[in-house]
Amino acid sequence: MKLRTCERVVFFYLPALVLVTAFVGVCVQAGTPWPWNRVVHEDGQHTFLETVFYFEHATRELVLDAVLALAVAGGVRYFYPPSRASGDATLRGTRIWLAVWMLAMLALILGGTAYVNAFGRYYAAEARGQAILDNLAQYPTRPGAPFVWGAHWRYHFIERFAEIALAFCVAGVFWLRDGRPAGSDVRTGASLYAGALFVFAAATMIFGVSVQPFRDPTYLGHQLRELVTHTAVTLPLALGTCFILAHRFSLPAPNIGSSLRSWPIYVAGMVSVACGAFLLIGSVLLKAQMYGQKKGLAELLFPHFFEHSLGYVFVSALAGFLYLWPARTSHGPSR
């Protein structure tokens with residue numbers, strides 16, 4: 001079963017339109033329709049191609065992206081669990097291909113970080129060997145800022161929680177639109193989504209809790225921009241990947257309505273909206289834009305969409321892989 005028109009528009013056409021618009025904006029800023037070797041990043045160092053393949057940034061996003069992928073997979077699987085009656089060989093083959101894509105992106109991101117820091121021009125020799133570990137430990141935030149344990153995680157705290165909630169809400173809204181079809185087993189989806197919440201909470205405790213995400217204008221502004229980027233591109237692409245798989249491998253019981261309740265969908269939506277409103281109001285009141293590395297909103301926003309290019313593929317592949325993760329029953333794996 002193919003994606004419906006509304007699903008294609010929300011999950012693929014709109015993100016494509018956003019990226020095309022952002023590219024046009026980058027071209028205008030660079031003064032050329034071929035901005036590949038023009039410096040466009042807000043740090044004043046990275047060209048457009050280096051922004052697209054910003055390996056170090058993608059490395060420090062890995063933990064955050066993995067949590068989001070887990071939430072997307074869990075949200076879609078909760079409402080559209082893969083059916084045990086689906087073709088096992090086809091399902092396993094699809095899962096393997098998604099694993100290959102996910103591992104390839106992981107190797108590209110980590111390998112690129114190692115290469116750039118061994119031969120690149122941005123880092124001192126004594127720091128090169130620590131690049132991957134420092135980024136995974138969430139030390140770096142922006143050029144010139146001191147390395148602080150977990151600072152990058154706190155740079156994303158509110159917006160990532162908003163996206164975790166939004167993933168569940170969007171999956172639920174489409175499920176309501178489909179007439180609340182009854183799935184074969186919602187337990188695995190609930191476990192996946194609960195796992196995302198647990199990992200988010202655990203990582204927050206490990207990387208440290210502070211009031212900065214709620215009060216610091218730099219943190220608020222950064223989170224608002226991240227929320228716009230991921231809500232417009234990352235989240236739709238990952239959800240679209242899982243919905244493609246759901247249409248292929250989830251076979252709802254015919255003429256049977258689900259007993260799942262709808263109130264968690266509305267709660268998740270309200271949480272997401274509340275987080276977004278808080279970031280927007282806080283950023284405006286504290287003039288967060290003035291604390292950016294560039295003062296112009298277009299300069300801050302348009303190149304940023306391409307800073308997450310590697311993450312778009314990684315999150316989508318990982319979300320799809322987790323969506324098809326074998327469920328376990330009392331008799332062992334179901335697939």
# chains A, B, ... in the order shown; residues from 1 in each chain; ligands from 1
call {"tool": "residues_around", "arguments": {"residues": "Tyr155 of chain A", "least_positions_apart": "3", "cutoff": "10 Å", "atoms": "only C-alpha atoms", "output": "MDAnalysis selection string"}}
result
chainID A and resid 138 141 150:152 158:160 212:213 216 218:223 226
call {"tool": "write_last_selection", "arguments": {"atoms": "C-alpha atoms", "output": "PDB file, in the first residue's frame"}}
result
ATOM      1  CA  GLN A 138      28.762  16.699  24.309  1.00  0.00           C
ATOM      2  CA  THR A 141      28.844  23.968  21.455  1.00  0.00           C
ATOM      3  CA  GLY A 150      27.273  17.806  28.523  1.00  0.00           C
ATOM      4  CA  ALA A 151      26.909  21.403  27.330  1.00  0.00           C
ATOM      5  CA  HIS A 152      25.738  20.397  23.857  1.00  0.00           C
ATOM      6  CA  ILE A 158      13.766  21.441  25.588  1.00  0.00           C
ATOM      7  CA  GLU A 159      13.563  21.176  21.801  1.00  0.00           C
ATOM      8  CA  ARG A 160      14.477  17.496  21.749  1.00  0.00           C
ATOM      9  CA  GLN A 212      20.561  27.317  31.185  1.00  0.00           C
ATOM     10  CA  PRO A 213      18.119  25.786  28.662  1.00  0.00           C
ATOM     11  CA  ASP A 216      20.091  31.647  28.900  1.00  0.00           C
ATOM     12  CA  THR A 218      21.983  31.702  23.749  1.00  0.00           C
ATOM     13  CA  TYR A 219      20.514  28.344  24.739  1.00  0.00           C
ATOM     14  CA  LEU A 220      16.938  29.453  24.060  1.00  0.00           C
ATOM     15  CA  GLY A 221      17.751  30.827  20.622  1.00  0.00           C
ATOM     16  CA  HIS A 222      19.722  27.756  19.636  1.00  0.00           C
ATOM     17  CA  GLN A 223      16.943  25.427  20.754  1.00  0.00           C
ATOM     18  CA  GLU A 226      16.916  23.449  16.178  1.00  0.00           C
TER      19      GLU A 226
END
call {"tool": "atom_distance", "arguments": {"atom1": "atom CA of Ala107 of chain A", "atom2": "atom CA of Ser191 of chain A"}}
result
27.8 Å
call {"tool": "closest_atom_pairs", "arguments": {"of": "segment 31-65 of chain A", "to": "segment 110-119 of chain A", "cutoff": "8 Å", "atoms": "only C-alpha atoms", "output": "tab-separated table"}}
result
residue	atom	partner	partner_atom	distance
A:Phe55	CA	A:Thr113	CA	5.0
A:Glu56	CA	A:Thr113	CA	5.2
A:Thr59	CA	A:Leu110	CA	6.4
call {"tool": "write_last_selection", "arguments": {"atoms": "N, CA and C atoms", "output": "compact mmCIF listing (two decimals), in the first residue's frame"}}
result
# COMPACT_ATOMS: atom_id res chain seq x y z
N PHE A 55 31.14 16.82 9.73
CA PHE A 55 31.23 15.54 10.42
C PHE A 55 31.26 15.70 11.94
N GLU A 56 32.01 16.67 12.44
CA GLU A 56 32.11 16.83 13.89
C GLU A 56 30.75 17.17 14.50
N THR A 59 28.65 14.14 14.62
CA THR A 59 29.08 13.22 15.69
C THR A 59 28.47 13.61 17.03
call {"tool": "closest_residue", "arguments": {"among": "A:Thr229, A:Ser210, A:Thr188, A:Thr21", "to": "His308 of chain A", "atoms": "only C-alpha atoms"}}
result
A:Thr229
call {"tool": "residues_around", "arguments": {"residues": "segment 161-176 of chain A", "least_positions_apart": "5", "cutoff": "6 Å", "atoms": "only C-alpha atoms", "output": "ChimeraX atom specification"}}
result
/A:71-72,75-76,265,268-269,272,275
call {"tool": "write_last_selection", "arguments": {"atoms": "all heavy atoms", "output": "mmCIF file, in the first residue's frame"}}
result
data_model
loop_
_atom_site.group_PDB
_atom_site.id
_atom_site.type_symbol
_atom_site.label_atom_id
_atom_site.label_comp_id
_atom_site.auth_asym_id
_atom_site.auth_seq_id
_atom_site.Cartn_x
_atom_site.Cartn_y
_atom_site.Cartn_z
ATOM 1 N N ALA A 71 12.214 7.427 19.376
ATOM 2 C CA ALA A 71 10.873 7.952 19.638
ATOM 3 C C ALA A 71 9.981 7.845 18.408
ATOM 4 O O ALA A 71 8.799 7.492 18.512
ATOM 5 C CB ALA A 71 10.966 9.405 20.102
ATOM 6 N N VAL A 72 10.516 8.155 17.242
ATOM 7 C CA VAL A 72 9.738 8.056 15.998
ATOM 8 C C VAL A 72 9.316 6.616 15.754
ATOM 9 O O VAL A 72 8.146 6.325 15.478
ATOM 10 C CB VAL A 72 10.551 8.600 14.807
ATOM 11 C CG1 VAL A 72 9.843 8.273 13.491
ATOM 12 C CG2 VAL A 72 10.751 10.104 14.939
ATOM 13 N N GLY A 75 6.713 5.601 18.345
ATOM 14 C CA GLY A 75 5.419 6.239 18.140
ATOM 15 C C GLY A 75 4.632 5.603 17.007
ATOM 16 O O GLY A 75 3.450 5.286 17.155
ATOM 17 N N VAL A 76 5.291 5.394 15.866
ATOM 18 C CA VAL A 76 4.597 4.792 14.723
ATOM 19 C C VAL A 76 4.259 3.335 15.023
ATOM 20 O O VAL A 76 3.160 2.854 14.713
ATOM 21 C CB VAL A 76 5.454 4.903 13.444
ATOM 22 C CG1 VAL A 76 4.766 4.213 12.271
ATOM 23 C CG2 VAL A 76 5.716 6.367 13.111
ATOM 24 N N ILE A 265 -2.442 11.169 22.812
ATOM 25 C CA ILE A 265 -2.085 11.897 21.598
ATOM 26 C C ILE A 265 -2.213 13.401 21.837
ATOM 27 O O ILE A 265 -1.319 14.183 21.475
ATOM 28 C CB ILE A 265 -2.995 11.462 20.430
ATOM 29 C CG1 ILE A 265 -2.846 9.964 20.171
ATOM 30 C CG2 ILE A 265 -2.691 12.268 19.175
ATOM 31 C CD1 ILE A 265 -3.842 9.410 19.181
ATOM 32 N N ALA A 268 0.470 14.655 24.298
ATOM 33 C CA ALA A 268 1.765 14.794 23.630
ATOM 34 C C ALA A 268 1.792 16.045 22.759
ATOM 35 O O ALA A 268 2.793 16.776 22.720
ATOM 36 C CB ALA A 268 2.056 13.555 22.789
ATOM 37 N N GLY A 269 0.698 16.305 22.053
ATOM 38 C CA GLY A 269 0.628 17.509 21.234
ATOM 39 C C GLY A 269 0.719 18.779 22.052
ATOM 40 O O GLY A 269 1.424 19.722 21.682
ATOM 41 N N SER A 272 4.292 19.335 23.276
ATOM 42 C CA SER A 272 5.145 19.821 22.200
ATOM 43 C C SER A 272 4.898 21.301 21.918
ATOM 44 O O SER A 272 5.843 22.093 21.780
ATOM 45 C CB SER A 272 4.909 18.994 20.944
ATOM 46 O OG SER A 272 5.723 19.443 19.888
ATOM 47 N N CYS A 275 6.266 23.487 24.756
ATOM 48 C CA CYS A 275 7.720 23.633 24.685
ATOM 49 C C CYS A 275 8.111 24.625 23.589
ATOM 50 O O CYS A 275 8.975 25.491 23.795
ATOM 51 C CB CYS A 275 8.376 22.282 24.416
ATOM 52 S SG CYS A 275 8.293 21.114 25.785
#
call {"tool": "closest_residue", "arguments": {"among": "A:Ala277, A:Leu310, A:Ala66, A:Leu106", "to": "Glu50 of chain A", "atoms": "only C-alpha atoms"}}
result
A:Leu310
call {"tool": "residues_around", "arguments": {"residues": "segment 9-11 of chain A", "least_positions_apart": "4", "cutoff": "8 Å", "atoms": "only C-alpha atoms", "output": "PyMOL selection string"}}
result
chain A and resi 5+15+236-237+239-240
call {"tool": "closest_residue", "arguments": {"among": "A:Pro217, A:Leu322, A:Trp153, A:Thr231", "to": "Lys287 of chain A", "atoms": "only C-alpha atoms"}}
result
A:Pro217
call {"tool": "decode", "arguments": {"residues": "segment 214-235 of chain A", "atoms": "N, CA and C atoms", "output": "PDB file, in the first residue's frame"}}
result
ATOM      1  N   PHE A 214      16.558  27.010  30.087  1.00  0.00           N
ATOM      2  CA  PHE A 214      15.334  27.742  30.377  1.00  0.00           C
ATOM      3  C   PHE A 214      15.549  29.252  30.506  1.00  0.00           C
ATOM      4  N   ARG A 215      16.790  29.681  30.746  1.00  0.00           N
ATOM      5  CA  ARG A 215      17.016  31.092  31.058  1.00  0.00           C
ATOM      6  C   ARG A 215      18.053  31.781  30.197  1.00  0.00           C
ATOM      7  N   ASP A 216      19.004  31.040  29.667  1.00  0.00           N
ATOM      8  CA  ASP A 216      20.091  31.647  28.900  1.00  0.00           C
ATOM      9  C   ASP A 216      19.616  31.950  27.481  1.00  0.00           C
ATOM     10  N   PRO A 217      19.718  33.199  27.009  1.00  0.00           N
ATOM     11  CA  PRO A 217      19.239  33.542  25.662  1.00  0.00           C
ATOM     12  C   PRO A 217      19.968  32.784  24.556  1.00  0.00           C
ATOM     13  N   THR A 218      21.254  32.474  24.756  1.00  0.00           N
ATOM     14  CA  THR A 218      21.983  31.702  23.749  1.00  0.00           C
ATOM     15  C   THR A 218      21.393  30.303  23.621  1.00  0.00           C
ATOM     16  N   TYR A 219      21.099  29.683  24.741  1.00  0.00           N
ATOM     17  CA  TYR A 219      20.514  28.344  24.739  1.00  0.00           C
ATOM     18  C   TYR A 219      19.097  28.376  24.162  1.00  0.00           C
ATOM     19  N   LEU A 220      18.315  29.359  24.546  1.00  0.00           N
ATOM     20  CA  LEU A 220      16.938  29.453  24.060  1.00  0.00           C
ATOM     21  C   LEU A 220      16.902  29.652  22.553  1.00  0.00           C
ATOM     22  N   GLY A 221      17.727  30.568  22.055  1.00  0.00           N
ATOM     23  CA  GLY A 221      17.751  30.827  20.622  1.00  0.00           C
ATOM     24  C   GLY A 221      18.212  29.625  19.828  1.00  0.00           C
ATOM     25  N   HIS A 222      19.225  28.943  20.331  1.00  0.00           N
ATOM     26  CA  HIS A 222      19.722  27.756  19.636  1.00  0.00           C
ATOM     27  C   HIS A 222      18.660  26.665  19.598  1.00  0.00           C
ATOM     28  N   GLN A 223      17.977  26.461  20.704  1.00  0.00           N
ATOM     29  CA  GLN A 223      16.943  25.427  20.754  1.00  0.00           C
ATOM     30  C   GLN A 223      15.777  25.751  19.821  1.00  0.00           C
ATOM     31  N   LEU A 224      15.418  27.024  19.725  1.00  0.00           N
ATOM     32  CA  LEU A 224      14.327  27.408  18.826  1.00  0.00           C
ATOM     33  C   LEU A 224      14.703  27.120  17.374  1.00  0.00           C
ATOM     34  N   ARG A 225      15.922  27.440  16.999  1.00  0.00           N
ATOM     35  CA  ARG A 225      16.359  27.166  15.627  1.00  0.00           C
ATOM     36  C   ARG A 225      16.417  25.662  15.362  1.00  0.00           C
ATOM     37  N   GLU A 226      16.889  24.900  16.332  1.00  0.00           N
ATOM     38  CA  GLU A 226      16.916  23.449  16.178  1.00  0.00           C
ATOM     39  C   GLU A 226      15.507  22.888  16.047  1.00  0.00           C
ATOM     40  N   LEU A 227      14.579  23.428  16.820  1.00  0.00           N
ATOM     41  CA  LEU A 227      13.198  22.959  16.757  1.00  0.00           C
ATOM     42  C   LEU A 227      12.606  23.200  15.368  1.00  0.00           C
ATOM     43  N   VAL A 228      12.878  24.358  14.800  1.00  0.00           N
ATOM     44  CA  VAL A 228      12.390  24.659  13.455  1.00  0.00           C
ATOM     45  C   VAL A 228      12.991  23.682  12.441  1.00  0.00           C
ATOM     46  N   THR A 229      14.292  23.461  12.519  1.00  0.00           N
ATOM     47  CA  THR A 229      14.972  22.583  11.566  1.00  0.00           C
ATOM     48  C   THR A 229      14.444  21.157  11.646  1.00  0.00           C
ATOM     49  N   HIS A 230      14.376  20.611  12.837  1.00  0.00           N
ATOM     50  CA  HIS A 230      13.994  19.207  12.972  1.00  0.00           C
ATOM     51  C   HIS A 230      12.502  18.985  12.753  1.00  0.00           C
ATOM     52  N   THR A 231      11.675  19.965  13.137  1.00  0.00           N
ATOM     53  CA  THR A 231      10.241  19.834  12.900  1.00  0.00           C
ATOM     54  C   THR A 231       9.927  19.922  11.413  1.00  0.00           C
ATOM     55  N   ALA A 232      10.696  20.727  10.691  1.00  0.00           N
ATOM     56  CA  ALA A 232      10.435  20.931   9.266  1.00  0.00           C
ATOM     57  C   ALA A 232      11.030  19.843   8.381  1.00  0.00           C
ATOM     58  N   VAL A 233      12.125  19.213   8.823  1.00  0.00           N
ATOM     59  CA  VAL A 233      12.812  18.273   7.928  1.00  0.00           C
ATOM     60  C   VAL A 233      13.066  16.911   8.592  1.00  0.00           C
ATOM     61  N   THR A 234      13.841  16.878   9.669  1.00  0.00           N
ATOM     62  CA  THR A 234      14.258  15.597  10.248  1.00  0.00           C
ATOM     63  C   THR A 234      13.080  14.733  10.659  1.00  0.00           C
ATOM     64  N   LEU A 235      12.173  15.305  11.432  1.00  0.00           N
ATOM     65  CA  LEU A 235      11.039  14.544  11.952  1.00  0.00           C
ATOM     66  C   LEU A 235      10.118  14.043  10.839  1.00  0.00           C
TER      67      LEU A 235
END
